[in-house]
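**Student:** If it helps, the file is called entry-v8.txt and holds compact mmCIF, C-alpha atoms:
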# COMPACT_ATOMS: atom_id res chain seq x y z
CA MET A 1 105.52 90.48 89.79
CA GLN A 2 107.19 92.61 92.43
CA GLN A 3 104.84 94.27 94.87
CA HIS A 4 103.99 97.89 94.03
CA ARG A 5 105.26 100.06 96.90
CA ILE A 6 102.87 102.83 97.96
CA ILE A 7 104.02 105.31 100.59
CA VAL A 8 101.69 107.86 102.17
CA LEU A 9 103.35 110.77 103.97
CA GLY A 10 101.30 112.26 106.79
CA ALA A 11 98.36 110.79 108.69
CA GLY A 12 96.01 113.69 109.14
CA TYR A 13 92.45 113.38 107.87
CA ALA A 14 93.52 113.24 104.21
CA GLY A 15 96.57 110.99 104.52
CA ALA A 16 94.99 108.47 106.89
CA ILE A 17 91.87 108.15 104.74
CA ALA A 18 93.89 107.78 101.54
CA ALA A 19 96.08 105.04 103.03
CA GLY A 20 93.15 102.99 104.29
CA ARG A 21 91.14 103.48 101.13
CA VAL A 22 93.84 102.49 98.65
CA ALA A 23 94.81 99.48 100.78
CA LYS A 24 91.21 98.27 100.79
CA ARG A 25 90.94 98.53 97.01
CA LEU A 26 94.07 96.51 96.13
CA ARG A 27 95.17 92.94 96.81
CA ARG A 28 97.76 92.66 99.56
CA GLU A 29 99.90 90.28 97.56
CA ASP A 30 100.23 92.96 94.86
CA VAL A 31 101.00 96.09 96.91
CA THR A 32 102.50 97.34 100.15
CA VAL A 33 101.00 100.44 101.73
CA THR A 34 103.21 102.27 104.24
CA LEU A 35 101.88 105.24 106.19
CA VAL A 36 104.58 107.51 107.61
CA ASN A 37 103.60 109.81 110.46
CA ALA A 38 105.43 111.61 113.25
CA GLU A 39 103.01 110.38 115.91
CA PRO A 40 101.49 106.94 116.60
CA ASP A 41 97.94 108.15 117.00
CA PHE A 42 95.42 110.20 115.05
CA VAL A 43 95.13 113.88 115.94
CA GLU A 44 91.68 115.45 115.55
CA ARG A 45 92.96 118.77 114.33
CA VAL A 46 89.48 120.30 114.23
CA ARG A 47 89.36 119.94 118.03
CA MET A 48 92.62 121.64 118.95
CA HIS A 49 90.78 124.63 120.43
CA GLN A 50 89.00 122.20 122.76
CA LEU A 51 92.29 120.62 123.79
CA ALA A 52 93.78 124.04 124.50
CA ALA A 53 90.73 124.96 126.57
CA GLY A 54 91.43 122.05 128.93
CA GLN A 55 89.27 119.28 127.49
CA ASP A 56 90.62 115.76 127.05
CA LEU A 57 90.17 114.11 123.66
CA LYS A 58 89.50 110.44 122.95
CA PRO A 59 92.71 108.51 122.17
CA ARG A 60 92.78 107.12 118.62
CA PRO A 61 95.89 104.93 118.16
CA PHE A 62 96.64 103.96 114.56
CA SER A 63 97.49 100.43 115.70
CA GLU A 64 93.79 99.97 116.42
CA MET A 65 92.41 102.07 113.56
CA PHE A 66 94.40 100.22 110.90
CA ALA A 67 94.35 96.73 112.42
CA GLY A 68 93.71 94.19 109.68
CA THR A 69 93.70 96.73 106.85
CA GLY A 70 97.11 95.95 105.37
CA VAL A 71 98.40 99.45 106.13
CA GLU A 72 101.84 99.42 107.79
CA LEU A 73 102.51 102.37 110.08
CA LYS A 74 106.02 103.81 110.24
CA VAL A 75 106.36 106.32 113.09
CA GLY A 76 108.95 108.91 112.18
CA ARG A 77 109.56 112.39 110.85
CA VAL A 78 109.97 112.90 107.11
CA THR A 79 113.12 114.95 106.51
CA ALA A 80 113.56 114.69 102.73
CA VAL A 81 111.66 113.67 99.61
CA ASP A 82 113.62 112.89 96.44
CA VAL A 83 110.98 112.62 93.73
CA ASP A 84 113.53 111.95 90.99
CA ARG A 85 115.10 109.00 92.83
CA LYS A 86 111.65 108.04 94.22
CA ALA A 87 112.79 107.86 97.82
CA VAL A 88 111.92 109.51 101.14
CA THR A 89 114.12 109.93 104.20
CA VAL A 90 112.61 109.26 107.62
CA GLU A 91 114.06 109.89 111.07
CA SER A 92 112.73 107.82 113.96
CA GLY A 93 113.81 106.38 117.27
CA ASP A 94 115.60 103.67 115.32
CA GLY A 95 117.70 106.19 113.38
CA THR A 96 117.55 107.50 109.82
CA GLU A 97 116.39 105.35 106.93
CA GLU A 98 115.49 105.78 103.29
CA LEU A 99 112.28 104.30 101.92
CA ALA A 100 111.86 103.63 98.21
CA TYR A 101 108.45 103.93 96.56
CA ASP A 102 106.70 103.30 93.27
CA SER A 103 103.80 105.62 94.09
CA LEU A 104 103.83 108.42 96.66
CA VAL A 105 100.87 110.17 98.29
CA TYR A 106 102.05 113.45 99.79
CA ALA A 107 99.80 114.54 102.67
CA LEU A 108 102.12 116.33 105.09
CA GLY A 109 99.57 119.12 105.45
CA SER A 110 100.16 122.52 106.95
CA ALA A 111 101.14 124.43 110.07
CA TRP A 112 100.32 127.87 111.43
CA ASN A 113 101.12 130.86 109.29
CA THR A 114 102.80 133.79 111.03
CA GLN A 115 102.28 135.90 107.89
CA GLY A 116 105.77 137.24 108.51
CA VAL A 117 104.52 139.49 111.32
CA PRO A 118 107.44 140.44 113.64
CA GLY A 119 107.37 138.82 117.05
CA THR A 120 104.70 136.23 116.23
CA ALA A 121 106.95 133.18 116.30
CA GLU A 122 108.59 134.32 119.53
CA HIS A 123 105.59 135.54 121.51
CA ALA A 124 102.36 134.05 120.13
CA HIS A 125 100.78 130.64 120.63
CA GLU A 126 99.34 128.44 117.87
CA ILE A 127 96.65 125.76 117.89
CA ALA A 128 97.29 124.31 114.43
CA SER A 129 99.11 121.36 116.03
CA ARG A 130 98.72 119.21 119.12
CA PRO A 131 102.06 120.29 120.65
CA GLY A 132 101.01 123.90 120.16
CA ALA A 133 97.57 123.31 121.68
CA LEU A 134 99.12 121.55 124.69
CA ARG A 135 101.56 124.41 125.27
CA LEU A 136 98.69 126.88 125.15
CA ARG A 137 96.63 124.65 127.45
CA ALA A 138 99.35 124.82 130.10
CA ARG A 139 99.73 128.58 129.68
CA LEU A 140 95.99 129.24 129.98
CA ALA A 141 95.75 127.02 133.05
CA ALA A 142 98.44 129.13 134.71
CA LEU A 143 96.63 132.44 134.17
CA ALA A 144 95.10 134.15 137.17
CA PRO A 145 91.52 135.48 137.03
CA GLY A 146 91.26 138.76 135.16
CA GLN A 147 94.28 138.24 132.94
CA SER A 148 93.89 138.88 129.23
CA VAL A 149 93.93 136.53 126.24
CA LEU A 150 93.91 137.96 122.71
CA ILE A 151 93.04 135.80 119.70
CA VAL A 152 94.39 137.27 116.45
CA GLY A 153 92.40 136.22 113.39
CA GLY A 154 88.67 136.40 112.71
CA GLY A 155 88.31 133.22 110.65
CA LEU A 156 86.74 129.93 111.67
CA THR A 157 89.59 128.97 114.00
CA GLY A 158 89.60 132.36 115.67
CA LEU A 159 85.86 132.32 116.33
CA GLU A 160 86.01 128.79 117.73
CA ALA A 161 89.02 129.51 119.94
CA ALA A 162 87.61 132.74 121.38
CA THR A 163 84.24 131.24 122.29
CA GLU A 164 85.74 128.00 123.62
CA PHE A 165 88.16 129.84 125.89
CA ALA A 166 85.52 132.31 127.08
CA GLU A 167 83.11 129.51 127.93
CA ALA A 168 85.76 127.40 129.70
CA ARG A 169 87.36 130.35 131.54
CA PRO A 170 84.76 133.07 132.16
CA ASP A 171 87.17 134.54 134.73
CA LEU A 172 89.58 135.61 131.97
CA ASP A 173 89.42 138.71 129.78
CA ILE A 174 89.04 137.25 126.27
CA ALA A 175 89.35 139.44 123.16
CA LEU A 176 89.57 138.87 119.42
CA ALA A 177 91.29 141.07 116.82
CA ALA A 178 89.97 140.72 113.27
CA ARG A 179 91.44 142.24 110.12
CA GLY A 180 87.91 142.99 108.89
CA GLY A 181 84.50 142.91 110.51
CA LEU A 182 83.43 140.13 112.87
CA GLY A 183 82.27 137.23 110.70
CA ASP A 184 82.18 139.45 107.64
CA TRP A 185 82.18 136.45 105.27
CA LEU A 186 78.98 135.06 106.83
CA SER A 187 75.36 135.76 105.93
CA PRO A 188 73.65 138.63 107.80
CA SER A 189 71.90 136.20 110.15
CA GLY A 190 75.15 134.30 110.67
CA ARG A 191 77.04 137.47 111.55
CA ALA A 192 74.27 138.53 113.92
CA HIS A 193 74.37 135.19 115.72
CA VAL A 194 78.14 135.26 116.16
CA ARG A 195 77.94 138.77 117.60
CA LYS A 196 75.14 137.67 119.93
CA VAL A 197 77.24 134.78 121.25
CA PHE A 198 80.31 136.99 121.67
CA ASP A 199 78.25 139.50 123.64
CA ARG A 200 76.79 136.75 125.83
CA LEU A 201 80.25 135.36 126.60
CA GLY A 202 81.72 138.81 127.23
CA ILE A 203 84.30 138.65 124.44
CA THR A 204 85.76 141.99 123.37
CA VAL A 205 86.03 142.44 119.60
CA HIS A 206 88.58 144.66 117.85
CA GLU A 207 87.39 144.98 114.26
CA ASN A 208 89.43 146.25 111.32
CA ALA A 209 92.55 145.68 113.39
CA ALA A 210 95.41 144.27 111.33
CA VAL A 211 98.12 143.20 113.77
CA ALA A 212 101.58 144.36 112.64
CA GLU A 213 103.70 143.32 115.64
CA VAL A 214 103.47 140.88 118.54
CA GLY A 215 105.42 141.55 121.70
CA GLY A 216 105.71 140.07 125.16
CA GLY A 217 102.36 141.03 126.67
CA TYR A 218 100.99 143.18 123.84
CA VAL A 219 100.23 143.46 120.13
CA THR A 220 100.35 146.53 117.91
CA THR A 221 98.16 147.14 114.88
CA ALA A 222 99.17 148.65 111.56
CA GLU A 223 97.58 151.92 112.68
CA GLY A 224 99.67 152.02 115.84
CA THR A 225 97.05 150.94 118.36
CA SER A 226 98.30 148.59 121.10
CA PHE A 227 96.31 145.93 122.95
CA GLN A 228 97.52 144.32 126.14
CA ALA A 229 97.56 140.52 126.23
CA ALA A 230 99.06 138.16 128.78
CA VAL A 231 98.61 135.48 126.10
CA THR A 232 98.36 136.01 122.34
CA VAL A 233 96.89 133.22 120.18
CA TRP A 234 97.65 133.44 116.45
CA THR A 235 94.95 132.00 114.12
CA THR A 236 95.42 133.85 110.82
CA GLY A 237 95.55 130.86 108.49
CA PHE A 238 97.84 128.01 107.50
CA ALA A 239 101.12 127.54 105.64
CA VAL A 240 102.10 124.33 103.84
CA HIS A 241 104.82 122.06 105.18
CA PRO A 242 108.20 123.59 104.18
CA LEU A 243 109.43 120.27 102.78
CA THR A 244 107.60 120.86 99.49
CA ALA A 245 109.92 123.75 98.67
CA ALA A 246 112.91 121.39 98.88
CA THR A 247 111.53 118.95 96.30
CA ALA A 248 111.55 119.08 92.50
CA LEU A 249 107.74 119.02 92.41
CA LYS A 250 105.98 121.84 90.64
CA THR A 251 104.49 124.12 93.27
CA SER A 252 102.39 127.27 93.33
CA THR A 253 103.28 130.63 94.87
CA SER A 254 101.59 129.37 98.06
CA GLY A 255 104.02 126.44 98.16
CA GLN A 256 101.28 123.92 97.43
CA ILE A 257 101.89 121.08 94.97
CA VAL A 258 100.17 121.63 91.62
CA VAL A 259 97.95 118.66 90.75
CA ASP A 260 95.50 117.61 88.05
CA ALA A 261 91.86 116.59 88.59
CA THR A 262 92.96 113.20 89.95
CA MET A 263 95.30 114.78 92.54
CA ARG A 264 98.37 113.65 90.60
CA SER A 265 101.38 115.97 90.40
CA VAL A 266 101.59 117.67 87.02
CA SER A 267 105.38 117.37 87.09
CA HIS A 268 105.83 113.88 88.59
CA PRO A 269 102.98 111.46 87.74
CA ASP A 270 104.04 108.89 90.34
CA VAL A 271 103.28 111.46 93.08
CA TYR A 272 99.83 112.40 94.35
CA ALA A 273 99.24 115.36 96.66
CA ILE A 274 96.17 115.77 98.84
CA GLY A 275 94.76 117.94 101.60
CA ASP A 276 96.44 121.21 102.50
CA ALA A 277 99.59 120.20 100.60
CA ALA A 278 97.82 120.35 97.22
CA LEU A 279 96.67 123.23 95.04
CA VAL A 280 93.29 121.86 93.98
CA ALA A 281 90.89 123.61 91.63
CA GLY A 282 87.33 123.60 92.95
CA PRO A 283 84.11 124.88 91.34
CA GLY A 284 84.82 127.65 88.84
CA GLY A 285 88.54 126.99 89.06
CA LYS A 286 88.72 128.58 92.50
CA PRO A 287 91.39 126.89 94.71
CA LEU A 288 90.00 124.87 97.60
CA ARG A 289 90.79 126.36 100.99
CA MET A 290 92.91 124.49 103.50
CA SER A 291 90.41 122.56 105.61
CA CYS A 292 89.17 119.10 106.57
CA ALA A 293 86.16 119.71 104.31
CA SER A 294 88.53 120.08 101.34
CA GLY A 295 91.05 117.43 102.33
CA VAL A 296 88.75 114.42 102.64
CA PRO A 297 87.37 114.55 99.07
CA THR A 298 90.90 114.94 97.68
CA ALA A 299 91.92 111.81 99.62
CA TRP A 300 89.04 109.85 98.09
CA GLN A 301 89.94 111.05 94.62
CA ALA A 302 93.66 110.29 94.92
CA ALA A 303 93.18 106.82 96.43
CA ASP A 304 90.57 105.83 93.86
CA ALA A 305 92.58 107.23 90.92
CA LEU A 306 95.78 105.49 92.04
CA ALA A 307 93.97 102.18 92.50
CA ALA A 308 92.24 102.54 89.13
CA ARG A 309 95.48 103.23 87.28
CA LEU A 310 97.15 100.23 88.87
CA THR A 311 94.25 97.90 88.10
CA GLY A 312 93.48 99.22 84.63
CA THR A 313 89.94 100.29 85.53
CA LYS A 314 88.02 103.50 84.96
CA ILE A 315 89.18 106.44 87.05
CA PRO A 316 86.23 107.67 89.15
CA SER A 317 85.56 111.33 89.81
CA THR A 318 84.79 112.75 93.24
CA PRO A 319 82.77 115.99 93.23
CA LEU A 320 84.80 118.78 94.77
CA ARG A 321 82.42 121.34 96.21
CA TYR A 322 81.32 122.89 99.48
CA PHE A 323 77.99 122.61 101.24
CA ASN A 324 78.41 124.44 104.54
CA GLN A 325 80.83 125.88 107.05
CA CYS A 326 80.51 124.39 110.53
CA VAL A 327 81.49 126.62 113.45
CA SER A 328 81.41 125.60 117.10
CA LEU A 329 80.79 128.53 119.43
CA GLY A 330 81.62 126.79 122.69
CA ARG A 331 80.12 123.43 123.67
CA LYS A 332 76.51 124.63 123.73
CA ASP A 333 76.21 126.86 120.68
CA GLY A 334 77.18 126.84 117.04
CA LEU A 335 76.61 128.04 113.52
CA ILE A 336 76.13 126.06 110.33
CA GLN A 337 76.51 128.53 107.49
CA TYR A 338 75.26 127.09 104.20
CA VAL A 339 77.34 128.07 101.18
CA THR A 340 77.46 127.82 97.41
CA ALA A 341 79.57 125.17 95.70
CA ASP A 342 82.52 127.61 95.65
CA ASP A 343 82.18 128.47 99.37
CA ARG A 344 80.23 131.75 99.31
CA ALA A 345 77.69 132.25 102.09
CA VAL A 346 73.99 132.10 101.24
CA LYS A 347 71.11 133.39 103.33
CA ALA A 348 70.34 130.11 105.09
CA ALA A 349 72.09 129.28 108.38
CA LEU A 350 71.46 126.91 111.28
CA LYS A 351 72.10 128.42 114.72
CA GLY A 352 72.20 127.65 118.40
CA ARG A 353 72.13 124.33 120.23
CA ILE A 354 71.06 122.30 117.21
CA ALA A 355 74.01 123.73 115.25
CA ALA A 356 76.37 122.70 118.06
CA ILE A 357 75.03 119.14 117.89
CA TYR A 358 75.39 119.18 114.08
CA LYS A 359 79.02 120.31 114.34
CA GLU A 360 79.79 117.65 116.94
CA LEU A 361 78.36 114.96 114.64
CA VAL A 362 80.51 116.30 111.79
CA CYS A 363 83.65 116.05 113.96
CA LYS A 364 82.80 112.53 115.09
CA GLY A 365 81.95 111.56 111.52
CA ALA A 366 85.30 112.82 110.24
CA ALA A 367 87.20 110.73 112.80
CA TRP A 368 85.00 107.70 112.04
CA GLY A 369 85.77 108.16 108.35
CA VAL A 370 89.50 107.82 109.04
CA ALA A 371 88.93 104.41 110.63
CA ASN A 372 86.37 103.38 108.00
CA PRO A 373 87.66 104.89 104.71
CA THR A 374 85.75 102.51 102.41
CA ALA A 375 82.41 102.35 104.21
CA GLY A 376 79.65 101.75 101.71
CA LEU A 377 82.05 100.75 98.92
CA PRO A 378 82.42 97.27 97.37
CA SER A 379 84.79 95.13 99.44
CA ARG A 380 86.42 93.45 96.44
CA ARG A 381 90.17 93.96 96.20
CA ARG A 382 91.33 94.16 92.60
CA PRO A 383 94.59 92.73 91.23
CA VAL A 384 97.31 95.06 90.05
CA THR A 385 97.77 94.78 86.29
CA ALA A 386 100.63 97.26 85.81
CA THR A 387 103.83 97.87 87.72
CA GLN A 388 104.15 101.45 86.49
CA GLN A 389 101.64 104.23 86.27
CA PRO A 390 101.23 105.81 82.81
CA GLU A 391 103.89 108.42 82.35
CA THR A 392 103.08 111.91 81.19
CA THR A 393 105.39 114.62 80.02
CA ARG A 394 107.19 116.05 83.01
CA VAL A 395 107.37 119.78 83.30
CA ALA A 396 109.97 121.83 85.02
CA ALA A 397 109.39 122.71 88.64
CA ALA A 398 107.96 126.16 89.19
CA GLU A 399 110.27 128.89 90.39
CA ARG A 400 110.05 129.34 94.09
Would it be possible to restate this file's structure as structure tokens?
**Tutor:**
Amino acid sequence: MQQHRIIVLGAGYAGAIAAGRVAKRLRREDVTVTLVNAEPDFVERVRMHQLAAGQDLKPRPFSEMFAGTGVELKVGRVTAVDVDRKAVTVESGDGTEELAYDSLVYALGSAWNTQGVPGTAEHAHEIASRPGALRLRARLAALAPGQSVLIVGGGLTGLEAATEFAEARPDLDIALAARGGLGDWLSPSGRAHVRKVFDRLGITVHENAAVAEVGGGYVTTAEGTSFQAAVTVWTTGFAVHPLTAATALKTSTSGQIVVDATMRSVSHPDVYAIGDAALVAGPGGKPLRMSCASGVPTAWQAADALAARLTGTKIPSTPLRYFNQCVSLGRKDGLIQYVTADDRAVKAALKGRIAAIYKELVCKGAAWGVANPTAGLPSRRRPVTATQQPETTRVAAAER
């Protein structure tokens, strides 16, 4: 029997875990697992604010992380996905090549979202990627004492960036502009702690300030108020990789790939989508937010479902729910906001130094999970019993 060709696109938290997990579950003589990624090493995306603040991160080359696993790394940029011909196009230092697959795991993830605000792409910095964080790192290092840095966006990334920069560079004038109130999604005690940390670090907060334009050295709100900023950092959310829009996969209005409970595309059953690239229904049917906390369980589910279908075994189910939101507030402080299964804040929250240690353990654990995707699972590799996954009725791609 010809080997079943599995290709995983993207080696963020979700893609890297899925590749290692599915490879560990299947016999090497039955399958090939190829992981395509633009860079040769793993990027800890949850630490990009640290990188931008001037901290150096531990190198994590895939050649070491996947040694002996059976996962083949192909370093290159994915430029096209033809789900009808079951082929992907990759550009690398060796040129352009087309890779054929039998099963595809789409995990190209997301990038920063400018929200269509004029001037953002031209004048603002992003920390959703390593190149972006490195550019911002160089820009911050060049700032003279007293110059201003404005973080736009009051979500988790915005809070972490503002406090990290203020702690690392107390000589700068750090401010944050939030569309609503500071930490308004947190519990009362959580909001109070964030405000206490911001006050201690001297961070200026502009609440209920929806930024409508970004210029060179300033931003303007929808109400016409202008704030000066030598550097503007944009952290208002994420947008999926644009490549999904160029495929025949059924996608949502957000551009995410619509999947079933096993992370399989509802339009193309030989394609699985995970992480930020997938529209996944969580508790109560509420879509999971783009985050590492959401992406890892979807990787488990997709890898296990794919392996089960190929080996003719029962498809396991991974619970998709939230437990907490982990926020670093500099290197010495933090907030662990406990939440309901569908991500709504409850009264309980862990604060201060112990929360910072908790968050650091979560970050280290996430990176460890990439290198050890099957820890605690049976080591038996099962034989492939089918060359094709069960076909389902294909539906037309959604209008985009």
**Student:** Can you tell me, as a list in words, what residues are no more than 7 Å from Leu108 (chain A) when counting all atoms listed in the file, ignoring any on the same chain fewer than 2 positions away?
**Tutor:**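 Counting only the stated atoms, we get Leu9, Gly10, Tyr106, Ser110, His241 and Ala277 of chain A.
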**Student:** Env of region 194-198 of chain A: 10 Å cut, atoms = all atoms listed in the file, seq-sep filter 5 positions within chain, self excluded. Answer as a VMD selection string.
**Tutor:** chain A and resid 159 162 to 163 166 174 to 176 182 to 183 186 189 203 to 205 327 329 to 330 333 to 335 351 to 352
**Student:** Tell me, in Å to one decimal, how far CA of Val370 (chain A) is from CA of Ile17 (chain A).
**Tutor:**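 Computing the Euclidean distance for CA of Val370 (chain A) and CA of Ile17 (chain A) yields 4.9 Å.
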**Student:** So which residues touch Thr232 (chain A) within 10 Å, counting only C-alpha atoms, skipping near sequence neighbours fewer than 4 positions away, as a list in words?
**Tutor:**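 So, after excluding close chain neighbours, the residues are Thr120, His123, Ala124, His125, Glu126, Leu136, Ser148, Val149, Leu150, Ile151, Val152, Ala175, Leu176, Val214, Gly215, Gly216, Gly217, Tyr218, Val219 and Gln228 of chain A.
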**Student:** Is it possible to get the residues within 6 Å of (96.6, 106.5, 116.8) (coordinates as in the file, counting all atoms listed in the file) written as a list of chain:residue names?
**Tutor:**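 Here the neighbourhood of the point contains A:Pro40, A:Asp41, A:Phe42, A:Arg60, A:Pro61, A:Phe62.
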**Student:** Between CA of Gly153 (chain A) and CA of Ala355 (chain A), measure the distance and give it in Å to one decimal.
**Tutor:** 22.3 Å
**Student:** Can you tell me how far CA of Thr34 (chain A) sits from CA of Gly295 (chain A), in Å to one decimal?
**Tutor:**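 CA of Gly295 (chain A) lies at a distance of 19.5 Å from CA of Thr34 (chain A).
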